Every structure is written in structure tokens, then in C-alpha cells.
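run04.cif, holding mmCIF, C-alpha atoms:
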```
data_target
loop_
_atom_site.group_PDB
_atom_site.id
_atom_site.type_symbol
_atom_site.label_atom_id
_atom_site.label_comp_id
_atom_site.auth_asym_id
_atom_site.auth_seq_id
_atom_site.Cartn_x
_atom_site.Cartn_y
_atom_site.Cartn_z
ATOM 1 C CA MET I 1 -7.493 11.314 1.673
ATOM 2 C CA ILE I 2 -3.773 11.022 2.276
ATOM 3 C CA PRO I 3 -2.717 13.597 4.891
ATOM 4 C CA GLU I 4 0.406 15.744 4.810
ATOM 5 C CA TRP I 5 3.755 14.198 5.730
ATOM 6 C CA LEU I 6 5.093 14.523 9.243
ATOM 7 C CA ALA I 7 8.480 16.217 9.745
ATOM 8 C CA ASN I 8 10.182 12.787 9.766
ATOM 9 C CA GLY I 9 8.774 11.866 6.316
ATOM 10 C CA ASP I 10 6.100 9.480 7.621
ATOM 11 C CA LEU I 11 2.363 9.805 7.322
ATOM 12 C CA PRO I 12 0.463 10.496 10.531
ATOM 13 C CA PRO I 13 -0.644 7.355 12.382
ATOM 14 C CA GLY I 14 -3.911 5.763 11.317
ATOM 15 C CA VAL I 15 -5.673 4.258 8.353
ATOM 16 C CA HIS I 16 -6.039 6.792 5.552
ATOM 17 C CA PHE I 17 -8.501 5.806 2.837
ATOM 18 C CA ALA I 18 -7.521 7.117 -0.581
ATOM 19 C CA THR I 19 -8.472 6.886 -4.214
ATOM 20 C CA TRP I 20 -6.112 5.299 -6.685
ATOM 21 C CA ARG I 21 -5.453 8.754 -8.136
ATOM 22 C CA GLU I 22 -4.418 10.101 -4.706
ATOM 23 C CA ILE I 23 -2.046 7.175 -4.236
ATOM 24 C CA GLU I 24 -0.482 7.811 -7.634
ATOM 25 C CA ASP I 25 -0.178 11.546 -7.061
ATOM 26 C CA ARG I 26 1.369 11.277 -3.590
ATOM 27 C CA LEU I 27 3.408 8.092 -3.670
ATOM 28 C CA SER I 28 4.704 7.529 -7.213
ATOM 29 C CA PHE I 29 7.043 10.507 -7.363
ATOM 30 C CA ASN I 30 9.930 8.790 -9.148
ATOM 31 C CA PRO I 31 10.462 5.895 -11.597
ATOM 32 C CA ARG I 32 11.288 3.352 -8.855
ATOM 33 C CA ARG I 33 8.088 4.161 -6.985
ATOM 34 C CA GLN I 34 6.071 4.114 -10.225
ATOM 35 C CA ARG I 35 7.344 0.598 -10.937
ATOM 36 C CA LEU I 36 6.476 -0.586 -7.408
ATOM 37 C CA LEU I 37 3.041 0.988 -7.670
ATOM 38 C CA GLU I 38 2.421 -0.918 -10.899
ATOM 39 C CA GLY I 39 3.232 -4.133 -9.024
ATOM 40 C CA PHE I 40 0.820 -3.120 -6.279
ATOM 41 C CA ARG I 41 -1.857 -2.315 -8.883
ATOM 42 C CA HIS I 42 -1.370 -5.768 -10.430
ATOM 43 C CA ALA I 43 -1.764 -7.396 -7.006
ATOM 44 C CA CYS I 44 -4.908 -5.365 -6.280
ATOM 45 C CA LYS I 45 -6.455 -6.417 -9.601
ATOM 46 C CA GLU I 46 -5.768 -10.070 -8.823
ATOM 47 C CA LEU I 47 -7.202 -9.723 -5.323
ATOM 48 C CA ARG I 48 -10.293 -7.968 -6.670
ATOM 49 C CA LYS I 49 -10.938 -10.854 -9.083
ATOM 50 C CA ALA I 50 -11.164 -13.094 -6.018
ATOM 51 C CA GLY I 51 -13.580 -10.750 -4.221
ATOM 52 C CA CYS I 52 -11.194 -8.753 -2.020
ATOM 53 C CA ARG I 53 -12.569 -5.285 -1.341
ATOM 54 C CA LEU I 54 -9.926 -3.723 0.902
ATOM 55 C CA VAL I 55 -6.122 -3.603 0.736
ATOM 56 C CA TYR I 56 -3.898 -1.701 3.170
ATOM 57 C CA LEU I 57 -0.660 -0.272 1.773
ATOM 58 C CA ASN I 58 2.209 0.110 4.224
ATOM 59 C CA GLY I 59 5.937 0.061 4.752
ATOM 60 C CA SER I 60 8.536 2.498 3.524
ATOM 61 C CA PHE I 61 6.463 2.944 0.371
ATOM 62 C CA VAL I 62 4.031 5.138 2.330
ATOM 63 C CA THR I 63 6.850 7.392 3.538
ATOM 64 C CA GLN I 64 8.909 9.985 1.696
ATOM 65 C CA LYS I 65 11.772 7.496 1.354
ATOM 66 C CA GLU I 66 13.197 8.140 -2.089
ATOM 67 C CA HIS I 67 13.808 4.515 -3.102
ATOM 68 C CA PRO I 68 11.869 1.951 -1.042
ATOM 69 C CA GLY I 69 12.941 -1.632 -1.588
ATOM 70 C CA ASP I 70 9.381 -2.826 -2.078
ATOM 71 C CA PHE I 71 5.884 -2.240 -0.735
ATOM 72 C CA ASP I 72 4.093 -4.003 2.085
ATOM 73 C CA ALA I 73 0.359 -4.590 2.003
ATOM 74 C CA ALA I 74 -2.331 -6.456 3.897
ATOM 75 C CA TRP I 75 -5.461 -7.699 2.164
ATOM 76 C CA ASP I 76 -8.826 -8.265 3.805
ATOM 77 C CA ILE I 77 -9.739 -11.957 3.607
ATOM 78 C CA GLN I 78 -13.480 -11.302 4.066
ATOM 79 C CA ASP I 79 -15.520 -12.305 0.979
ATOM 80 C CA VAL I 80 -12.450 -13.654 -0.854
ATOM 81 C CA ASP I 81 -13.211 -16.716 -2.984
ATOM 82 C CA GLU I 82 -10.313 -19.112 -2.401
ATOM 83 C CA ASP I 83 -10.914 -20.791 -5.758
ATOM 84 C CA LYS I 84 -10.299 -17.503 -7.569
ATOM 85 C CA LEU I 85 -7.314 -16.416 -5.492
ATOM 86 C CA ASP I 86 -3.837 -16.887 -6.905
ATOM 87 C CA PRO I 87 -1.984 -19.194 -4.457
ATOM 88 C CA VAL I 88 0.945 -16.734 -4.401
ATOM 89 C CA PHE I 89 -1.056 -14.636 -1.918
ATOM 90 C CA TRP I 90 -0.819 -17.449 0.646
ATOM 91 C CA ASP I 91 2.867 -18.120 -0.045
ATOM 92 C CA LEU I 92 4.685 -16.435 2.824
ATOM 93 C CA SER I 93 7.683 -18.764 2.549
ATOM 94 C CA ARG I 94 11.276 -17.707 1.865
ATOM 95 C CA ALA I 95 10.579 -14.125 2.980
ATOM 96 C CA ARG I 96 7.707 -13.883 0.466
ATOM 97 C CA ALA I 97 10.083 -14.402 -2.464
ATOM 98 C CA ALA I 98 7.343 -15.508 -4.872
ATOM 99 C CA GLN I 99 5.253 -12.434 -4.073
ATOM 100 C CA LYS I 100 8.224 -10.122 -4.506
ATOM 101 C CA THR I 101 8.991 -11.692 -7.876
ATOM 102 C CA HIS I 102 5.376 -11.563 -9.019
ATOM 103 C CA PHE I 103 4.296 -8.178 -7.619
ATOM 104 C CA LEU I 104 7.502 -6.429 -6.396
ATOM 105 C CA GLY I 105 6.131 -6.364 -2.860
ATOM 106 C CA GLU I 106 4.832 -8.378 0.071
ATOM 107 C CA LEU I 107 1.155 -9.031 0.735
ATOM 108 C CA PHE I 108 -0.185 -10.448 3.980
ATOM 109 C CA PRO I 109 -3.701 -11.623 4.880
ATOM 110 C CA ALA I 110 -4.905 -8.736 7.091
ATOM 111 C CA GLN I 111 -6.633 -10.838 9.736
ATOM 112 C CA LEU I 112 -3.902 -13.457 10.138
ATOM 113 C CA PRO I 113 -1.446 -13.084 13.018
ATOM 114 C CA GLU I 114 2.061 -11.798 12.456
ATOM 115 C CA GLY I 115 4.451 -14.438 13.817
ATOM 116 C CA ALA I 116 6.529 -12.564 16.388
ATOM 117 C CA THR I 117 3.763 -10.487 18.010
ATOM 118 C CA GLY I 118 0.594 -12.480 17.386
ATOM 119 C CA TRP I 119 -1.170 -9.303 16.295
ATOM 120 C CA ALA I 120 -3.250 -9.387 13.119
ATOM 121 C CA PHE I 121 -1.237 -7.933 10.229
ATOM 122 C CA VAL I 122 -3.671 -5.020 9.930
ATOM 123 C CA GLU I 123 -2.833 -4.126 13.554
ATOM 124 C CA PHE I 124 0.869 -4.922 13.201
ATOM 125 C CA PHE I 125 1.091 -2.500 10.271
ATOM 126 C CA GLN I 126 -0.154 0.320 12.511
ATOM 127 C CA VAL I 127 2.749 0.000 14.933
ATOM 128 C CA ASN I 128 5.762 2.260 14.576
ATOM 129 C CA LYS I 129 8.776 -0.030 14.144
ATOM 130 C CA LEU I 130 11.079 2.322 16.048
ATOM 131 C CA SER I 131 8.895 3.206 19.027
ATOM 132 C CA GLY I 132 6.663 0.121 19.158
ATOM 133 C CA GLU I 133 3.698 2.443 19.649
ATOM 134 C CA ARG I 134 0.375 2.536 17.865
ATOM 135 C CA ASP I 135 -1.827 5.519 16.972
ATOM 136 C CA SER I 136 -2.882 6.022 20.548
ATOM 137 C CA GLY I 137 0.693 5.760 21.817
ATOM 138 C CA ASP I 138 0.012 2.282 23.183
ATOM 139 C CA PRO I 139 0.883 -1.052 21.607
ATOM 140 C CA PRO I 140 -2.111 -2.982 20.229
ATOM 141 C CA ALA I 141 -3.824 -5.338 22.629
ATOM 142 C CA ARG I 142 -2.497 -8.881 22.418
ATOM 143 C CA LYS I 143 -4.971 -11.506 21.327
#
```

Show the structure stored in the file as C-alpha cells.
Amino acid sequence: MIPEWLANGDLPPGVHFATWREIEDRLSFNPRRQRLLEGFRHACKELRKAGCRLVYLNGSFVTQKEHPGDFDAAWDIQDVDEDKLDPVFWDLSRARAAQKTHFLGELFPAQLPEGATGWAFVEFFQVNKLSGERDSGDPPARK
């Protein structure tokens, strides 16, 4: 379930599991967001074909920001069949330009390390960009 917004327009820290219907109801509140969500849906369908069972949605798309530029997501690499996966999911070059063109957002392998911090993307996504803090108030442990 997606919890209520905080006063600053963000969701509370943490991973919030939600149905597709909940995501639509809470996050696609204008035409721009509806278009981005369609791109995310397309990406999820492609990932599912390859065996992916879990995708984390993040970025300004999961805030009350009226017009986010795109969405950010991390996909769980466990059980993914490389032969069935569209190579665009591994293309992180040129600021993920191919992904943005194809899906209107950026998708990162959840268990791979983010370049600047070395944290897995699934951990990196749980860090507040302004404060540098994670759910507990502490930065994630470095690997």
C-alpha cells in the first residue's frame, strides 16, 4: 500500500509494495504522469517477459511533483533470463538515453552498484538526495 504523502510532498522512507491499481490511482494524477506511467508499464512488461519479478519505482515520480521529467526504477536481476531481456536494460550509456527514448524513464539493475557511492541501486534509491540519510537516518553501509 502506498502511504500518505509527507508535508514536503515525498512518500515516507521505505519500500512500499503496491498493486498496479494503487500506483495508477496515486501517481498518475495528470496527463504527463499518465504518459510516464505508460512507459513504466511497458518496461515492466518487457522485464516480466525475461523473468523479472520485482521492480522498484523511484525518483520525483513517486513524489507530488506536478511534472516529473521521467521516472527512475530499479529491477531485480534475480531469475532474469538474459536471452529474453531487451539489451536496452543494460544500456546505461549517455545518461540512459536509449532507455529514456524507449520507456520515458531510467531503469537500473537493482543489485548493481551505483558509480559514485558503490551502493547497490536498490539501496541508493532509499537515500534522500538532500540529506544523504536513509530510512533509519543513517547512510547505507558501504560494501

Check what the PyMOL selection byres ((chain I and resi 52-66) around 8) selects in the file above and give those residues as a PyMOL selection string. chain I and resi 5+9-11+27+30+33+44+47-51+67-80+122+125

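Across the structure, CA of Phe103 (chain I) and CA of Arg41 (chain I) are spaced 8.6 Å apart.
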
Rank nothing, just name the residue among I:Thr117, I:Ile2, I:Glu106, I:Ala7 nearest to Arg94 (chain I), using only C-alpha atoms.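 Closest to Arg94 (chain I) of all the choices is I:Glu106.
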
What gap, in Å, lies between CA of Gly14 (chain I) and CA of Arg32 (chain I)?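 Taking CA of Gly14 (chain I) and CA of Arg32 (chain I), their separation equals 25.4 Å.
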
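From CA of Met1 (chain I) back to CA of Pro13 (chain I), the distance works out to 13.3 Å.
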
Find the smallest box with edges along x, y and z containing every listed atom of region 89-98 of chain I, then add 6 Å on each side and report centre and edge lengths in Å to one decimal, as lines of an AutoDock Vina configuration file.
```
center_x = 5.1
center_y = -16.3
center_z = -0.9
size_x = 24.3
size_y = 16.9
size_z = 19.9
```

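Proximity of I:Glu4, I:Ile23, I:Glu46, I:Ala95 to Asp81 (chain I), computed with all atoms listed in the file, is greatest for I:Glu46.
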
Please list as a PDB file with C-alpha atoms, in the coordinates of the input every residue within 12 Å of Glu114 (chain I), counting all atoms listed in the file and excluding residues in the same chain fewer than 4 positions away.
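Dumped everything to selection-v4.pdb:
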```
ATOM      1  CA  ALA I  74      -2.331  -6.456   3.897  1.00  0.00           C
ATOM      2  CA  LEU I  92       4.685 -16.435   2.824  1.00  0.00           C
ATOM      3  CA  PHE I 108      -0.185 -10.448   3.980  1.00  0.00           C
ATOM      4  CA  PRO I 109      -3.701 -11.623   4.880  1.00  0.00           C
ATOM      5  CA  ALA I 110      -4.905  -8.736   7.091  1.00  0.00           C
ATOM      6  CA  GLY I 118       0.594 -12.480  17.386  1.00  0.00           C
ATOM      7  CA  TRP I 119      -1.170  -9.303  16.295  1.00  0.00           C
ATOM      8  CA  ALA I 120      -3.250  -9.387  13.119  1.00  0.00           C
ATOM      9  CA  PHE I 121      -1.237  -7.933  10.229  1.00  0.00           C
ATOM     10  CA  VAL I 122      -3.671  -5.020   9.930  1.00  0.00           C
ATOM     11  CA  GLU I 123      -2.833  -4.126  13.554  1.00  0.00           C
ATOM     12  CA  PHE I 124       0.869  -4.922  13.201  1.00  0.00           C
ATOM     13  CA  PHE I 125       1.091  -2.500  10.271  1.00  0.00           C
ATOM     14  CA  ARG I 142      -2.497  -8.881  22.418  1.00  0.00           C
ATOM     15  CA  LYS I 143      -4.971 -11.506  21.327  1.00  0.00           C
TER      16      LYS I 143
END
```

I want to know what sits within 12 Å of Thr101 (chain I), based on only C-alpha atoms, with residues of the same chain fewer than 6 positions away left out; could you give that as a PyMOL selection string? chain I and resi 36+39-40+43+70+88+91+94-95+107

Rebuild all heavy atoms on region 35-46 of chain I, as an mmCIF file, in the frame of the given file?
```cif
data_model
loop_
_atom_site.group_PDB
_atom_site.id
_atom_site.type_symbol
_atom_site.label_atom_id
_atom_site.label_comp_id
_atom_site.auth_asym_id
_atom_site.auth_seq_id
_atom_site.Cartn_x
_atom_site.Cartn_y
_atom_site.Cartn_z
ATOM 1 N N ARG I 35 7.246 2.035 -10.643
ATOM 2 C CA ARG I 35 7.344 0.598 -10.937
ATOM 3 C C ARG I 35 6.739 -0.234 -9.800
ATOM 4 O O ARG I 35 5.988 -1.175 -10.040
ATOM 5 C CB ARG I 35 8.807 0.210 -11.154
ATOM 6 C CG ARG I 35 8.978 -1.227 -11.568
ATOM 7 C CD ARG I 35 10.391 -1.474 -12.118
ATOM 8 N NE ARG I 35 10.501 -2.857 -12.492
ATOM 9 C CZ ARG I 35 11.195 -3.751 -11.814
ATOM 10 N NH1 ARG I 35 11.867 -3.411 -10.737
ATOM 11 N NH2 ARG I 35 11.243 -5.005 -12.220
ATOM 12 N N LEU I 36 7.048 0.126 -8.555
ATOM 13 C CA LEU I 36 6.476 -0.586 -7.408
ATOM 14 C C LEU I 36 4.960 -0.429 -7.373
ATOM 15 O O LEU I 36 4.233 -1.393 -7.087
ATOM 16 C CB LEU I 36 7.091 -0.084 -6.100
ATOM 17 C CG LEU I 36 8.556 -0.419 -5.862
ATOM 18 C CD1 LEU I 36 9.064 0.274 -4.607
ATOM 19 C CD2 LEU I 36 8.767 -1.923 -5.783
ATOM 20 N N LEU I 37 4.490 0.760 -7.686
ATOM 21 C CA LEU I 37 3.041 0.988 -7.670
ATOM 22 C C LEU I 37 2.348 0.162 -8.747
ATOM 23 O O LEU I 37 1.229 -0.315 -8.546
ATOM 24 C CB LEU I 37 2.732 2.471 -7.821
ATOM 25 C CG LEU I 37 1.284 2.858 -7.550
ATOM 26 C CD1 LEU I 37 0.848 2.461 -6.142
ATOM 27 C CD2 LEU I 37 1.080 4.346 -7.765
ATOM 28 N N GLU I 38 2.998 -0.045 -9.865
ATOM 29 C CA GLU I 38 2.421 -0.918 -10.899
ATOM 30 C C GLU I 38 2.305 -2.356 -10.384
ATOM 31 O O GLU I 38 1.329 -3.053 -10.660
ATOM 32 C CB GLU I 38 3.238 -0.857 -12.193
ATOM 33 C CG GLU I 38 2.913 0.353 -13.024
ATOM 34 C CD GLU I 38 1.423 0.493 -13.329
ATOM 35 O OE1 GLU I 38 0.790 -0.477 -13.789
ATOM 36 O OE2 GLU I 38 0.882 1.593 -13.091
ATOM 37 N N GLY I 39 3.319 -2.809 -9.637
ATOM 38 C CA GLY I 39 3.232 -4.133 -9.024
ATOM 39 C C GLY I 39 2.095 -4.219 -8.031
ATOM 40 O O GLY I 39 1.355 -5.218 -7.985
ATOM 41 N N PHE I 40 1.922 -3.171 -7.234
ATOM 42 C CA PHE I 40 0.820 -3.120 -6.279
ATOM 43 C C PHE I 40 -0.520 -3.112 -7.009
ATOM 44 O O PHE I 40 -1.456 -3.801 -6.625
ATOM 45 C CB PHE I 40 0.967 -1.885 -5.379
ATOM 46 C CG PHE I 40 -0.135 -1.738 -4.370
ATOM 47 C CD1 PHE I 40 -0.323 -2.688 -3.378
ATOM 48 C CD2 PHE I 40 -0.968 -0.632 -4.401
ATOM 49 C CE1 PHE I 40 -1.339 -2.546 -2.443
ATOM 50 C CE2 PHE I 40 -1.976 -0.478 -3.476
ATOM 51 C CZ PHE I 40 -2.170 -1.442 -2.489
ATOM 52 N N ARG I 41 -0.612 -2.357 -8.090
ATOM 53 C CA ARG I 41 -1.857 -2.315 -8.883
ATOM 54 C C ARG I 41 -2.189 -3.711 -9.416
ATOM 55 O O ARG I 41 -3.338 -4.151 -9.364
ATOM 56 C CB ARG I 41 -1.727 -1.334 -10.042
ATOM 57 C CG ARG I 41 -3.012 -1.241 -10.879
ATOM 58 C CD ARG I 41 -2.816 -0.478 -12.191
ATOM 59 N NE ARG I 41 -2.299 0.842 -12.043
ATOM 60 C CZ ARG I 41 -3.042 1.955 -11.983
ATOM 61 N NH1 ARG I 41 -4.347 1.876 -12.018
ATOM 62 N NH2 ARG I 41 -2.461 3.129 -11.882
ATOM 63 N N HIS I 42 -1.166 -4.405 -9.915
ATOM 64 C CA HIS I 42 -1.370 -5.768 -10.430
ATOM 65 C C HIS I 42 -1.902 -6.677 -9.320
ATOM 66 O O HIS I 42 -2.848 -7.436 -9.520
ATOM 67 C CB HIS I 42 -0.059 -6.301 -11.012
ATOM 68 C CG HIS I 42 -0.127 -7.690 -11.522
ATOM 69 N ND1 HIS I 42 -0.848 -8.055 -12.636
ATOM 70 C CD2 HIS I 42 0.427 -8.829 -11.047
ATOM 71 C CE1 HIS I 42 -0.728 -9.358 -12.826
ATOM 72 N NE2 HIS I 42 0.039 -9.847 -11.873
ATOM 73 N N ALA I 43 -1.312 -6.587 -8.139
ATOM 74 C CA ALA I 43 -1.764 -7.396 -7.006
ATOM 75 C C ALA I 43 -3.206 -7.059 -6.642
ATOM 76 O O ALA I 43 -4.029 -7.967 -6.406
ATOM 77 C CB ALA I 43 -0.852 -7.177 -5.803
ATOM 78 N N CYS I 44 -3.535 -5.782 -6.617
ATOM 79 C CA CYS I 44 -4.908 -5.365 -6.280
ATOM 80 C C CYS I 44 -5.922 -5.896 -7.297
ATOM 81 O O CYS I 44 -7.014 -6.320 -6.917
ATOM 82 C CB CYS I 44 -4.990 -3.849 -6.191
ATOM 83 S SG CYS I 44 -4.182 -3.162 -4.735
ATOM 84 N N LYS I 45 -5.554 -5.883 -8.563
ATOM 85 C CA LYS I 45 -6.455 -6.417 -9.601
ATOM 86 C C LYS I 45 -6.693 -7.905 -9.396
ATOM 87 O O LYS I 45 -7.813 -8.396 -9.528
ATOM 88 C CB LYS I 45 -5.881 -6.150 -10.995
ATOM 89 C CG LYS I 45 -6.007 -4.716 -11.430
ATOM 90 C CD LYS I 45 -5.426 -4.519 -12.821
ATOM 91 C CE LYS I 45 -5.556 -3.074 -13.259
ATOM 92 N NZ LYS I 45 -4.980 -2.833 -14.598
ATOM 93 N N GLU I 46 -5.629 -8.633 -9.068
ATOM 94 C CA GLU I 46 -5.768 -10.070 -8.823
ATOM 95 C C GLU I 46 -6.624 -10.336 -7.586
ATOM 96 O O GLU I 46 -7.464 -11.236 -7.580
ATOM 97 C CB GLU I 46 -4.393 -10.719 -8.680
ATOM 98 C CG GLU I 46 -3.592 -10.764 -9.962
ATOM 99 C CD GLU I 46 -4.293 -11.544 -11.068
ATOM 100 O OE1 GLU I 46 -4.752 -12.675 -10.800
ATOM 101 O OE2 GLU I 46 -4.391 -11.010 -12.186
#
```
